[in-house]
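Trainee: Sharing work.txt, compact mmCIF, C-alpha atoms and all ligand atoms:
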```
# COMPACT_ATOMS: atom_id res chain seq x y z
CA MET A 1 -25.55 8.45 7.10
CA GLU A 2 -24.00 6.03 9.57
CA ILE A 3 -20.26 5.38 9.31
CA ALA A 4 -19.03 1.84 9.98
CA LYS A 5 -17.93 1.04 13.51
CA ARG A 6 -14.42 0.04 12.46
CA LEU A 7 -13.65 3.71 11.92
CA ASP A 8 -14.24 4.32 15.62
CA ARG A 9 -11.08 2.34 16.31
CA ILE A 10 -8.82 4.96 14.73
CA THR A 11 -8.36 8.71 15.09
CA GLU A 12 -6.83 11.40 12.92
CA PRO A 13 -3.03 11.40 13.41
CA GLN A 14 -1.85 14.13 15.76
CA THR A 15 0.82 15.05 13.20
CA ILE A 16 -1.86 15.87 10.63
CA ARG A 17 -3.99 17.67 13.24
CA MET A 18 -1.05 19.87 14.18
CA ALA A 19 -0.23 20.68 10.55
CA LYS A 20 -3.90 21.65 10.03
CA LEU A 21 -3.88 23.88 13.12
CA SER A 22 -0.69 25.63 11.93
CA ARG A 23 -2.25 26.24 8.52
CA GLU A 24 -5.37 27.73 10.14
CA LEU A 25 -3.30 30.11 12.29
CA LYS A 26 -1.20 31.08 9.28
CA ALA A 27 -4.41 31.81 7.34
CA GLN A 28 -5.35 34.22 10.15
CA GLY A 29 -2.14 36.11 9.41
CA ILE A 30 -0.13 34.73 12.35
CA ASN A 31 3.51 34.05 11.55
CA ILE A 32 3.94 30.42 12.61
CA VAL A 33 7.21 28.53 12.22
CA ASP A 34 6.12 25.02 11.43
CA LEU A 35 8.29 22.34 13.02
CA SER A 36 5.57 19.70 12.89
CA LEU A 37 6.50 18.68 9.36
CA GLY A 38 7.35 15.12 8.36
CA GLU A 39 8.76 15.80 4.92
CA PRO A 40 12.02 17.08 3.46
CA ASP A 41 11.88 20.73 2.35
CA PHE A 42 13.91 19.90 -0.81
CA ARG A 43 12.75 19.47 -4.38
CA THR A 44 12.72 16.02 -5.91
CA PRO A 45 16.04 15.68 -7.81
CA GLU A 46 15.73 16.73 -11.45
CA HIS A 47 16.79 13.43 -13.01
CA ILE A 48 13.93 11.70 -11.16
CA SER A 49 11.32 14.19 -12.38
CA ALA A 50 12.80 13.93 -15.89
CA ALA A 51 12.23 10.15 -15.86
CA ALA A 52 8.57 10.74 -14.97
CA ILE A 53 8.16 13.24 -17.80
CA ARG A 54 9.71 10.74 -20.21
CA ALA A 55 7.33 8.02 -19.00
CA MET A 56 4.34 10.27 -19.69
CA GLU A 57 5.65 11.27 -23.11
CA GLU A 58 6.18 7.62 -23.98
CA GLY A 59 2.58 6.86 -22.97
CA GLN A 60 3.45 4.59 -20.06
CA THR A 61 0.11 5.33 -18.50
CA LYS A 62 -1.67 1.97 -18.39
CA TYR A 63 -2.49 -0.22 -15.39
CA PRO A 64 0.73 -1.66 -13.93
CA PRO A 65 1.12 -5.25 -12.68
CA VAL A 66 -0.39 -5.18 -9.17
CA ALA A 67 2.93 -5.90 -7.42
CA GLY A 68 4.86 -3.31 -9.45
CA LEU A 69 6.66 -2.91 -12.77
CA PRO A 70 9.17 -5.77 -13.28
CA ASP A 71 11.96 -3.23 -13.94
CA LEU A 72 11.28 -1.48 -10.66
CA ARG A 73 11.11 -4.70 -8.66
CA ALA A 74 14.45 -5.67 -10.25
CA ALA A 75 15.90 -2.25 -9.37
CA ILE A 76 14.75 -2.64 -5.74
CA SER A 77 16.27 -6.13 -5.63
CA GLU A 78 19.54 -4.61 -6.87
CA LYS A 79 19.34 -1.76 -4.36
CA LEU A 80 18.80 -4.18 -1.46
CA ARG A 81 21.85 -6.17 -2.56
CA ARG A 82 24.01 -3.08 -3.20
CA ASP A 83 23.12 -1.04 -0.11
CA ASN A 84 22.13 -3.65 2.44
CA GLY A 85 23.71 -6.94 1.40
CA LEU A 86 20.17 -8.42 1.31
CA HIS A 87 19.20 -10.93 -1.35
CA TYR A 88 15.57 -10.72 -2.43
CA ALA A 89 14.28 -11.97 -5.77
CA ALA A 90 11.91 -9.66 -7.64
CA ASP A 91 8.93 -11.81 -6.58
CA GLU A 92 9.83 -11.26 -2.93
CA ILE A 93 9.21 -7.53 -3.40
CA ILE A 94 5.96 -5.61 -3.76
CA VAL A 95 5.63 -1.93 -4.68
CA SER A 96 2.80 0.11 -3.10
CA THR A 97 1.33 3.60 -2.88
CA GLY A 98 3.74 4.80 -0.20
CA ALA A 99 5.43 2.92 2.63
CA LYS A 100 2.21 3.63 4.50
CA GLN A 101 0.34 1.28 2.19
CA SER A 102 3.14 -1.28 2.44
CA LEU A 103 2.66 -1.21 6.22
CA ALA A 104 -1.12 -1.44 5.89
CA ASN A 105 -0.82 -4.41 3.52
CA ALA A 106 1.61 -6.21 5.82
CA ILE A 107 -0.32 -5.56 9.05
CA LEU A 108 -3.67 -6.55 7.54
CA SER A 109 -2.04 -9.68 6.11
CA LEU A 110 -0.46 -10.74 9.39
CA VAL A 111 -2.72 -9.74 12.28
CA ASN A 112 -5.82 -11.68 13.28
CA PRO A 113 -8.34 -10.30 15.82
CA GLY A 114 -6.85 -10.59 19.30
CA ASP A 115 -3.26 -11.04 18.15
CA GLU A 116 -0.76 -9.15 20.21
CA VAL A 117 1.55 -6.70 18.47
CA LEU A 118 4.60 -5.33 20.27
CA ILE A 119 5.60 -1.76 19.47
CA PRO A 120 8.49 0.00 21.25
CA THR A 121 7.75 3.63 22.12
CA PRO A 122 8.15 6.20 20.77
CA TYR A 123 6.64 4.85 17.55
CA TRP A 124 5.25 6.24 14.34
CA VAL A 125 1.56 7.03 14.85
CA THR A 126 0.25 4.90 12.00
CA TYR A 127 1.48 1.55 13.40
CA SER A 128 -1.04 1.45 16.24
CA ALA A 129 -3.89 2.74 14.06
CA LEU A 130 -3.33 -0.02 11.50
CA VAL A 131 -3.07 -2.71 14.18
CA GLN A 132 -6.33 -1.46 15.69
CA LEU A 133 -7.98 -1.54 12.27
CA ALA A 134 -6.87 -5.18 11.97
CA GLU A 135 -8.42 -5.79 15.45
CA GLY A 136 -5.04 -6.64 16.91
CA VAL A 137 -3.99 -5.64 20.41
CA CYS A 138 -1.08 -3.17 20.68
CA ARG A 139 1.33 -3.63 23.55
CA PHE A 140 3.69 -0.72 23.87
CA LEU A 141 7.20 -1.20 25.22
CA PRO A 142 8.32 2.08 26.79
CA CYS A 143 11.80 3.32 25.87
CA SER A 144 13.10 6.60 27.26
CA ILE A 145 15.75 9.14 26.45
CA ASP A 146 18.04 7.32 28.93
CA THR A 147 18.51 4.44 26.45
CA ASP A 148 18.38 6.78 23.44
CA PHE A 149 14.80 5.54 22.97
CA LYS A 150 16.05 2.09 22.02
CA LEU A 151 14.59 -1.22 23.13
CA MET A 152 16.82 -3.37 25.30
CA PRO A 153 16.93 -7.12 24.53
CA GLU A 154 15.86 -8.06 28.09
CA GLN A 155 12.82 -5.82 27.74
CA LEU A 156 11.87 -7.57 24.49
CA ASP A 157 12.37 -10.99 26.03
CA GLU A 158 10.10 -10.16 28.97
CA ALA A 159 7.38 -8.74 26.73
CA ILE A 160 6.87 -11.64 24.29
CA THR A 161 3.93 -13.92 25.15
CA ASP A 162 2.21 -16.85 23.42
CA LYS A 163 -0.15 -14.37 21.81
CA THR A 164 2.59 -12.18 20.33
CA ARG A 165 2.39 -12.33 16.58
CA LEU A 166 4.16 -9.22 15.37
CA PHE A 167 6.80 -6.66 16.32
CA ILE A 168 6.97 -3.28 14.53
CA PHE A 169 9.74 -0.71 14.74
CA SER A 170 11.57 1.89 12.68
CA SER A 171 15.30 2.53 12.47
CA PRO A 172 16.12 5.35 11.88
CA CYS A 173 13.14 6.10 14.10
CA ASN A 174 10.39 8.60 13.61
CA PRO A 175 10.01 10.45 16.01
CA SER A 176 13.29 10.02 17.97
CA GLY A 177 15.84 9.82 15.15
CA SER A 178 17.47 6.90 16.99
CA VAL A 179 19.36 4.42 14.84
CA TYR A 180 20.06 0.85 15.94
CA THR A 181 23.62 -0.36 15.42
CA ARG A 182 24.41 -3.78 14.00
CA ALA A 183 25.27 -5.09 17.49
CA GLU A 184 22.00 -3.77 18.94
CA LEU A 185 19.98 -5.42 16.16
CA GLN A 186 21.90 -8.65 16.60
CA ALA A 187 21.02 -8.68 20.31
CA LEU A 188 17.32 -8.27 19.44
CA ALA A 189 17.63 -10.96 16.75
CA GLU A 190 19.01 -13.36 19.37
CA VAL A 191 15.88 -12.85 21.46
CA PHE A 192 13.61 -13.32 18.44
CA ALA A 193 15.42 -16.60 17.69
CA GLN A 194 13.71 -18.09 20.77
CA TYR A 195 10.22 -17.07 19.58
CA PRO A 196 9.69 -18.27 16.02
CA GLN A 197 5.99 -17.30 16.03
CA VAL A 198 6.87 -13.57 15.94
CA THR A 199 7.15 -11.75 12.61
CA ILE A 200 9.03 -8.45 12.44
CA ILE A 201 8.14 -5.38 10.40
CA SER A 202 11.29 -3.31 9.99
CA ASP A 203 10.40 0.17 8.77
CA GLU A 204 13.53 1.54 7.10
CA ILE A 205 12.07 4.53 5.29
CA TYR A 206 14.67 6.92 6.76
CA GLU A 207 17.54 4.65 5.70
CA TYR A 208 19.36 7.30 3.66
CA ILE A 209 18.93 10.03 6.25
CA ASN A 210 21.61 8.68 8.51
CA TYR A 211 24.38 10.66 10.24
CA MET A 212 26.41 7.77 11.59
CA GLY A 213 27.64 6.08 8.45
CA GLY A 214 25.94 2.93 7.21
CA HIS A 215 22.40 1.71 7.64
CA GLU A 216 21.83 -1.66 9.28
CA SER A 217 18.78 -3.85 8.72
CA ILE A 218 17.61 -6.57 11.10
CA ALA A 219 16.92 -8.70 8.00
CA GLN A 220 20.69 -9.13 7.53
CA PHE A 221 20.92 -11.92 10.11
CA PRO A 222 20.37 -15.32 8.48
CA SER A 223 18.01 -16.43 11.27
CA MET A 224 15.81 -13.40 10.63
CA LYS A 225 15.50 -13.11 6.87
CA ASP A 226 12.40 -15.37 6.56
CA ARG A 227 10.63 -13.59 9.40
CA VAL A 228 11.16 -9.96 8.50
CA ALA A 229 9.16 -7.64 6.27
CA VAL A 230 11.49 -4.80 5.24
CA VAL A 231 9.46 -1.68 4.47
CA ASN A 232 11.06 1.22 2.65
CA GLY A 233 10.11 3.97 0.22
CA PHE A 234 11.03 7.05 -1.74
CA SER A 235 9.37 9.84 0.27
CA LYS A 236 12.22 10.74 2.58
CA GLY A 237 15.55 9.86 0.95
CA PHE A 238 14.58 11.25 -2.45
CA SER A 239 12.22 13.96 -1.24
CA MET A 240 9.28 12.35 -3.03
CA THR A 241 6.51 12.53 -0.42
CA GLY A 242 3.85 13.60 -2.93
CA TRP A 243 4.74 10.90 -5.46
CA ARG A 244 3.43 8.20 -3.11
CA LEU A 245 5.67 5.20 -3.57
CA GLY A 246 6.97 2.60 -1.15
CA TYR A 247 7.78 -1.08 -1.12
CA MET A 248 8.09 -4.15 1.03
CA ALA A 249 10.56 -7.01 0.69
CA GLY A 250 9.80 -10.21 2.56
CA PRO A 251 8.90 -13.88 2.46
CA LYS A 252 6.97 -14.86 -0.67
CA PRO A 253 3.71 -15.90 1.10
CA LEU A 254 3.52 -12.45 2.71
CA VAL A 255 4.26 -10.70 -0.58
CA GLN A 256 1.51 -12.75 -2.25
CA ALA A 257 -0.96 -11.87 0.53
CA CYS A 258 -0.14 -8.17 0.13
CA GLU A 259 -0.59 -8.48 -3.63
CA LYS A 260 -4.04 -10.02 -3.09
CA LEU A 261 -5.08 -7.10 -0.84
CA GLN A 262 -3.56 -4.48 -3.09
CA GLY A 263 -5.26 -6.01 -6.13
CA GLN A 264 -8.59 -5.09 -4.52
CA PHE A 265 -7.53 -1.79 -2.93
CA THR A 266 -5.58 0.07 -5.62
CA SER A 267 -4.58 -2.27 -8.51
CA GLY A 268 -1.00 -1.14 -7.86
CA ALA A 269 0.97 2.08 -7.64
CA ASN A 270 1.09 4.89 -10.19
CA THR A 271 3.11 3.83 -13.27
CA ILE A 272 4.72 7.22 -13.85
CA THR A 273 5.97 7.33 -10.27
CA GLN A 274 7.30 3.80 -10.67
CA ARG A 275 9.36 4.88 -13.69
CA ALA A 276 10.69 7.83 -11.69
CA ALA A 277 11.56 5.48 -8.83
CA ILE A 278 13.81 3.40 -11.07
CA ALA A 279 15.76 6.57 -11.90
CA ALA A 280 15.94 7.35 -8.18
CA LEU A 281 17.35 3.97 -7.18
CA LEU A 282 19.79 3.50 -10.03
CA GLY A 283 20.71 7.16 -10.61
CA ASP A 284 22.99 9.77 -9.07
CA MET A 285 22.76 9.85 -5.26
CA THR A 286 24.52 13.23 -4.98
CA PRO A 287 21.29 15.20 -4.34
CA THR A 288 20.43 12.84 -1.46
CA LYS A 289 23.91 13.20 0.00
CA LEU A 290 23.72 17.01 -0.20
CA MET A 291 20.31 16.99 1.46
CA VAL A 292 21.58 14.78 4.28
CA GLU A 293 24.57 17.09 4.79
CA ALA A 294 22.17 20.05 5.13
CA PHE A 295 20.08 18.06 7.61
CA ARG A 296 23.21 17.24 9.60
CA GLN A 297 24.09 20.93 10.01
CA ARG A 298 20.53 21.72 11.05
CA ARG A 299 20.47 18.81 13.48
CA ASP A 300 23.66 20.00 15.13
CA PHE A 301 22.25 23.51 15.46
CA VAL A 302 18.86 22.38 16.82
CA VAL A 303 20.36 19.89 19.29
CA ARG A 304 22.78 22.58 20.53
CA SER A 305 20.02 25.19 20.81
CA LEU A 306 17.50 22.97 22.56
CA GLY A 307 20.19 21.56 24.83
CA SER A 308 21.09 25.04 26.02
CA ILE A 309 17.53 25.82 27.20
CA PRO A 310 17.30 25.18 30.97
CA GLY A 311 14.96 22.26 31.64
CA VAL A 312 15.09 20.77 28.13
CA LYS A 313 16.82 17.40 27.78
CA ALA A 314 17.67 17.06 24.09
CA ASN A 315 18.56 13.73 22.50
CA HIS A 316 21.17 13.41 19.76
CA PRO A 317 19.46 11.81 16.77
CA GLN A 318 21.61 9.75 14.41
CA GLY A 319 19.03 9.64 11.63
CA ALA A 320 15.78 11.10 10.20
CA PHE A 321 15.06 14.82 10.65
CA TYR A 322 13.56 15.07 14.11
CA VAL A 323 14.77 15.85 17.61
CA PHE A 324 12.68 14.41 20.44
CA PRO A 325 13.55 16.36 23.59
CA ASP A 326 12.26 15.41 27.03
CA ILE A 327 10.35 18.44 28.28
CA SER A 328 8.77 16.90 31.40
CA HIS A 329 10.64 19.46 33.55
CA PHE A 330 7.96 22.03 32.59
CA PHE A 331 4.96 19.96 33.70
CA GLY A 332 3.22 21.64 36.64
CA LYS A 333 4.44 25.13 35.69
CA LYS A 334 2.19 28.04 34.66
CA ASP A 335 2.33 30.39 31.69
CA PRO A 336 2.26 34.21 32.18
CA GLU A 337 -1.59 34.12 32.07
CA GLY A 338 -1.67 31.56 34.87
CA ASN A 339 -2.63 28.58 32.70
CA LEU A 340 -1.26 25.27 33.91
CA ILE A 341 1.07 23.26 31.67
CA ALA A 342 -0.02 19.82 32.84
CA ASN A 343 1.43 17.69 30.07
CA ASP A 344 3.12 17.49 26.67
CA GLU A 345 -0.03 18.46 24.81
CA ASP A 346 -0.42 21.64 26.90
CA LEU A 347 3.23 22.47 26.27
CA SER A 348 2.96 21.91 22.54
CA MET A 349 -0.20 24.09 22.43
CA TYR A 350 1.51 26.77 24.53
CA LEU A 351 4.46 26.82 22.12
CA LEU A 352 2.01 27.12 19.22
CA HIS A 353 -0.25 29.84 20.62
CA SER A 354 2.30 31.87 22.59
CA GLY A 355 5.60 31.09 20.85
CA HIS A 356 4.08 30.64 17.38
CA VAL A 357 6.11 27.48 16.76
CA SER A 358 4.32 24.23 15.94
CA THR A 359 5.68 20.92 17.23
CA VAL A 360 3.96 17.59 17.88
CA CYS A 361 3.30 16.34 21.40
CA GLY A 362 5.11 13.13 22.33
CA SER A 363 1.98 11.32 23.49
CA ALA A 364 0.99 11.08 19.82
CA PHE A 365 3.97 8.72 19.56
CA GLY A 366 3.43 7.01 22.91
CA SER A 367 6.02 9.12 24.81
CA PRO A 368 4.25 11.78 26.85
CA ASP A 369 7.45 13.24 28.36
CA CYS A 370 8.62 14.57 24.99
CA ILE A 371 7.74 16.70 22.00
CA ARG A 372 8.81 16.17 18.40
CA VAL A 373 10.69 18.98 16.70
CA SER A 374 11.26 18.59 12.97
CA PHE A 375 14.30 20.25 11.43
CA ALA A 376 13.10 19.77 7.86
CA THR A 377 12.98 23.50 7.30
CA SER A 378 15.46 26.26 6.48
CA MET A 379 18.23 27.30 8.85
CA ASP A 380 16.78 30.85 9.02
CA LEU A 381 13.43 29.53 10.21
CA LEU A 382 15.12 27.14 12.62
CA GLU A 383 17.09 30.01 14.16
CA GLU A 384 13.89 31.99 14.60
CA ALA A 385 12.06 28.95 16.01
CA MET A 386 14.79 28.19 18.55
CA ARG A 387 14.76 31.82 19.71
CA ARG A 388 10.98 31.70 20.12
CA ILE A 389 11.00 28.35 21.96
CA ALA A 390 13.69 29.52 24.40
CA GLU A 391 11.78 32.74 25.07
CA ALA A 392 8.42 30.98 25.55
CA LEU A 393 9.84 28.30 27.86
CA GLY A 394 11.72 30.98 29.82
CA LYS A 395 8.35 32.53 30.75
CA LEU A 396 7.03 29.41 32.47
CA ARG A 397 7.06 29.56 36.26
N1 LIG A 401 7.22 5.11 8.15
C1 LIG A 401 7.62 6.17 8.87
C2 LIG A 401 8.43 5.92 10.10
C3 LIG A 401 7.30 7.47 8.48
O1 LIG A 401 7.71 8.51 9.21
C4 LIG A 401 6.52 7.65 7.32
C5 LIG A 401 6.11 9.00 6.89
O2 LIG A 401 6.12 9.95 7.64
C6 LIG A 401 6.12 6.52 6.60
C7 LIG A 401 6.50 5.27 7.03
C8 LIG A 401 5.26 6.61 5.37
O3 LIG A 401 5.95 6.99 4.25
P1 LIG A 401 5.27 7.12 2.83
O4 LIG A 401 5.27 8.57 2.50
O5 LIG A 401 6.14 6.34 1.91
O6 LIG A 401 3.89 6.56 2.90
```
What would the structure in this file look like if it were written as structure tokens?

Mentor:
Amino acid sequence: MEIAKRLDRITEPQTIRMAKLSRELKAQGINIVDLSLGEPDFRTPEHISAAAIRAMEEGQTKYPPVAGLPDLRAAISEKLRRDNGLHYAADEIIVSTGAKQSLANAILSLVNPGDEVLIPTPYWVTYSALVQLAEGVCRFLPCSIDTDFKLMPEQLDEAITDKTRLFIFSSPCNPSGSVYTRAELQALAEVFAQYPQVTIISDEIYEYINYMGGHESIAQFPSMKDRVAVVNGFSKGFSMTGWRLGYMAGPKPLVQACEKLQGQFTSGANTITQRAAIAALLGDMTPTKLMVEAFRQRRDFVVRSLGSIPGVKANHPQGAFYVFPDISHFFGKKDPEGNLIANDEDLSMYLLHSGHVSTVCGSAFGSPDCIRVSFATSMDLLEEAMRRIAEALGKLR
């Protein structure tokens, strides 16, 4: 059987490859501490699961409207007003099977073959894959630990060309945990004001996992609202990764285009999950706040631990549940068996096979000087992992 050529344009995400590798080593009886994970290690709050059970008992199991249940779209509209000061009518919102599908819908609706898409690095792996699937051309804008992995307005200004159609970023960012402030977003918005042909996808899925107070969206600036697709979802803030629900809020023509695509791809998201999502948005946020507090303690511990290892330059994430240290100091060194650590992938593999800790190499996110360390696991395991990483790195000469 011959598989279509378009599949050649994309590869399996490194994050999923690493998780697979860890599982294989664990199956061989090796005790691996898995820090490659991209999901909260908390249960979905009970009141959310209870709403799903109620929906099933009430027989709410028929096809939903393609763009989402009216009640859920109204709840999202209310959430955007309440949390973000953003005013979107229900028909400017579309619910999808995960933020990943929201991104796929938006990218496939916006990018024509040859269109240029700007993506600051480090970026979430799926952005480039989806752009490539749409036959767009990714142009990566390198951001380093020196600017807390944030894009500077001058850099954006220099990068935009006549062919630039789209800009994609996440704040809080996966993998760096960086969070743009209102002033930083405003400075980017001022640059975008000069280039009306550019649409912005603002991925805000880590909104609630924020250690610096409030979340800021680039859609808040009046000049931006009609040009921004705000993508968000339930996976991270409500620990609902397996439920598969996300949404996009944006200009009506874009929402209608996404609805057209989704009508052929999935016919809409799972109805039971949609009922649960209403309970999530309008219900008690205490479980989310407790989870974020636990993440904050773990972040402080991991940043402190990594920062105390000679040669590791740890960043100080303000959101999400990842640290993205610069480990380029170790390139060119050798492990005790004499194997060369030439790059981030070698280092990540060395940590896996010798230290028995799984991480994800930074080049998967477009930043080959770094590795991604997830702290979405228990404090006990994090303590063990930090001990192992320090020991393994200490053996490199
Ligand atoms: N955007 C970012 C930045 C993510 O890290 C993820 C998941 O890891 C997603 C979107 C996709 O989320 P969902 O589970 O809603 O598809």

Trainee: How would you write, as a PyMOL selection string, the set of residues no farther than 9 Å from ligand LIG 401 (chain A) when counting all atoms listed in the file?

Mentor: chain A and resi 37-39+96-103+123-127+169-175+203-206+231-236+240-247+320

Trainee: Give me a file of those residues, with C-alpha atoms, as a PDB file, keeping the file's coordinate frame.

Mentor:
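Output below, filename out.pdb:
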```pdb
ATOM      1  CA  LEU A  37       6.500  18.680   9.360  1.00  0.00           C
ATOM      2  CA  GLY A  38       7.350  15.120   8.360  1.00  0.00           C
ATOM      3  CA  GLU A  39       8.760  15.800   4.920  1.00  0.00           C
ATOM      4  CA  SER A  96       2.800   0.110  -3.100  1.00  0.00           C
ATOM      5  CA  THR A  97       1.330   3.600  -2.880  1.00  0.00           C
ATOM      6  CA  GLY A  98       3.740   4.800  -0.200  1.00  0.00           C
ATOM      7  CA  ALA A  99       5.430   2.920   2.630  1.00  0.00           C
ATOM      8  CA  LYS A 100       2.210   3.630   4.500  1.00  0.00           C
ATOM      9  CA  GLN A 101       0.340   1.280   2.190  1.00  0.00           C
ATOM     10  CA  SER A 102       3.140  -1.280   2.440  1.00  0.00           C
ATOM     11  CA  LEU A 103       2.660  -1.210   6.220  1.00  0.00           C
ATOM     12  CA  TYR A 123       6.640   4.850  17.550  1.00  0.00           C
ATOM     13  CA  TRP A 124       5.250   6.240  14.340  1.00  0.00           C
ATOM     14  CA  VAL A 125       1.560   7.030  14.850  1.00  0.00           C
ATOM     15  CA  THR A 126       0.250   4.900  12.000  1.00  0.00           C
ATOM     16  CA  TYR A 127       1.480   1.550  13.400  1.00  0.00           C
ATOM     17  CA  PHE A 169       9.740  -0.710  14.740  1.00  0.00           C
ATOM     18  CA  SER A 170      11.570   1.890  12.680  1.00  0.00           C
ATOM     19  CA  SER A 171      15.300   2.530  12.470  1.00  0.00           C
ATOM     20  CA  PRO A 172      16.120   5.350  11.880  1.00  0.00           C
ATOM     21  CA  CYS A 173      13.140   6.100  14.100  1.00  0.00           C
ATOM     22  CA  ASN A 174      10.390   8.600  13.610  1.00  0.00           C
ATOM     23  CA  PRO A 175      10.010  10.450  16.010  1.00  0.00           C
ATOM     24  CA  ASP A 203      10.400   0.170   8.770  1.00  0.00           C
ATOM     25  CA  GLU A 204      13.530   1.540   7.100  1.00  0.00           C
ATOM     26  CA  ILE A 205      12.070   4.530   5.290  1.00  0.00           C
ATOM     27  CA  TYR A 206      14.670   6.920   6.760  1.00  0.00           C
ATOM     28  CA  VAL A 231       9.460  -1.680   4.470  1.00  0.00           C
ATOM     29  CA  ASN A 232      11.060   1.220   2.650  1.00  0.00           C
ATOM     30  CA  GLY A 233      10.110   3.970   0.220  1.00  0.00           C
ATOM     31  CA  PHE A 234      11.030   7.050  -1.740  1.00  0.00           C
ATOM     32  CA  SER A 235       9.370   9.840   0.270  1.00  0.00           C
ATOM     33  CA  LYS A 236      12.220  10.740   2.580  1.00  0.00           C
ATOM     34  CA  MET A 240       9.280  12.350  -3.030  1.00  0.00           C
ATOM     35  CA  THR A 241       6.510  12.530  -0.420  1.00  0.00           C
ATOM     36  CA  GLY A 242       3.850  13.600  -2.930  1.00  0.00           C
ATOM     37  CA  TRP A 243       4.740  10.900  -5.460  1.00  0.00           C
ATOM     38  CA  ARG A 244       3.430   8.200  -3.110  1.00  0.00           C
ATOM     39  CA  LEU A 245       5.670   5.200  -3.570  1.00  0.00           C
ATOM     40  CA  GLY A 246       6.970   2.600  -1.150  1.00  0.00           C
ATOM     41  CA  TYR A 247       7.780  -1.080  -1.120  1.00  0.00           C
ATOM     42  CA  ALA A 320      15.780  11.100  10.200  1.00  0.00           C
TER      43      ALA A 320
END
```

Trainee: Determine, counting only C-alpha atoms, which protein, DNA and RNA residues have an atom within 9 Å of an atom of stretch 341-357 of chain A; residues of the same chain fewer than 2 positions away are not included. Present the result as a PyMOL selection string.

Mentor: chain A and resi 22+25+30-36+327-328+330-335+339+359-364+368-371+385-386+388-393+396

Trainee: Please indicate the distance in Å from atom CA of A:Ala276 to atom CA of A:Asn84, rounded to one decimal place.

Mentor: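 The value is 21.5 Å.
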
Trainee: Can you tell me how far atom CA of A:Asp83 sits from atom CA of A:Gln318, in Å to one decimal?

Mentor: 18.2 Å

Trainee: So that I can check the surroundings of A:Ser109, please list as a PyMOL selection string every protein, DNA and RNA residue that reaches within 9 Å of it, counting all atoms listed in the file and ignoring chain neighbours fewer than 2 positions away.

Mentor: chain A and resi 104-107+111-112+134+254+257-258+261

Trainee: Rounded to one decimal in Å, what is the spacing between atom CA of A:Pro64 and atom CA of A:Thr44?

Mentor: 22.8 Å

Trainee: Excluding A:Val323 and residues on its chain fewer than 2 positions from it, collect all residues at most 8 Å away from it, counting all atoms listed in the file, and give them as a list of chain:residue names.

Mentor: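 Result of the neighbour search: A:Pro175, A:Ser176, A:Gly177, A:Arg299, A:Val302, A:Val303, A:Ala314, A:Asn315, A:His316, A:Pro317, A:Phe321, A:Pro325, A:Arg372, A:Val373, A:Ser374, A:Phe375.
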
Trainee: Out of A:Glu57, A:Glu216, A:Glu78, A:Glu135, which residue has the shortest atom-to-atom distance to A:Arg9 when counting all atoms listed in the file?

Mentor: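 Checking each candidate against A:Arg9, we get A:Glu135 as the closest.
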
Trainee: Using all atoms listed in the file, can you tell me which of A:Lys225, A:Tyr63, A:Pro113, A:Pro45 comes closest to A:Thr286?

Mentor: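 Nearest candidate to A:Thr286 out of A:Lys225, A:Tyr63, A:Pro113, A:Pro45: A:Pro45.
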
Trainee: With distances taken over all atoms listed in the file, which of A:Ala159, A:Thr199, A:Gly319, A:Asp146 is nearest to A:Thr181?

Mentor: A:Gly319

Trainee: Can you pull out every residue within 10 Å of A:Asp157, counting all atoms listed in the file, but drop anything in the same chain fewer than 2 positions away, and send it as a short mmCIF file (atom, residue, chain, number, x, y, z; two decimals) with C-alpha atoms, keeping the file's coordinate frame?

Mentor:
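Output file selection.cif is given in full below:
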```cif
data_model
loop_
_atom_site.label_atom_id
_atom_site.label_comp_id
_atom_site.auth_asym_id
_atom_site.auth_seq_id
_atom_site.Cartn_x
_atom_site.Cartn_y
_atom_site.Cartn_z
CA MET A 152 16.82 -3.37 25.30
CA PRO A 153 16.93 -7.12 24.53
CA GLU A 154 15.86 -8.06 28.09
CA GLN A 155 12.82 -5.82 27.74
CA ALA A 159 7.38 -8.74 26.73
CA ILE A 160 6.87 -11.64 24.29
CA THR A 161 3.93 -13.92 25.15
CA LEU A 188 17.32 -8.27 19.44
CA GLU A 190 19.01 -13.36 19.37
CA VAL A 191 15.88 -12.85 21.46
CA PHE A 192 13.61 -13.32 18.44
CA GLN A 194 13.71 -18.09 20.77
CA TYR A 195 10.22 -17.07 19.58
#
```

Trainee: Between A:Gly85, A:Arg298, A:Arg275, A:Gly263, single out the one closest to A:Ile218, counting only C-alpha atoms.

Mentor: A:Gly85

Trainee: Select, from A:Glu58, A:Pro336, A:Arg304, A:Glu92, the residue with the minimum atom-to-atom distance to A:Ile272, counting only C-alpha atoms.

Mentor: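 Looking only at the distances to A:Ile272, the closest residue turns out to be A:Glu58.
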
Trainee: Between A:Ser202, A:Arg296, A:Gly311, A:Ser358, which has the minimum distance to A:Gly394 (counting all atoms listed in the file)?

Mentor: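 The closest residue to A:Gly394 is A:Gly311.
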
Trainee: From the coordinates supplied, stretch 266-276 of chain A should be written with C-alpha atoms, as a compact mmCIF listing (two decimals), in the first residue's frame.

Mentor:
```txt
# COMPACT_ATOMS: atom_id res chain seq x y z
CA THR A 266 -15.42 15.01 12.93
CA SER A 267 -19.01 16.43 12.92
CA GLY A 268 -18.08 18.17 16.17
CA ALA A 269 -16.70 17.29 19.58
CA ASN A 270 -18.00 14.63 21.97
CA THR A 271 -21.30 15.76 23.56
CA ILE A 272 -20.59 14.28 26.99
CA THR A 273 -17.28 16.10 27.18
CA GLN A 274 -19.01 19.30 26.13
CA ARG A 275 -21.45 18.98 29.04
CA ALA A 276 -18.52 18.40 31.39
```
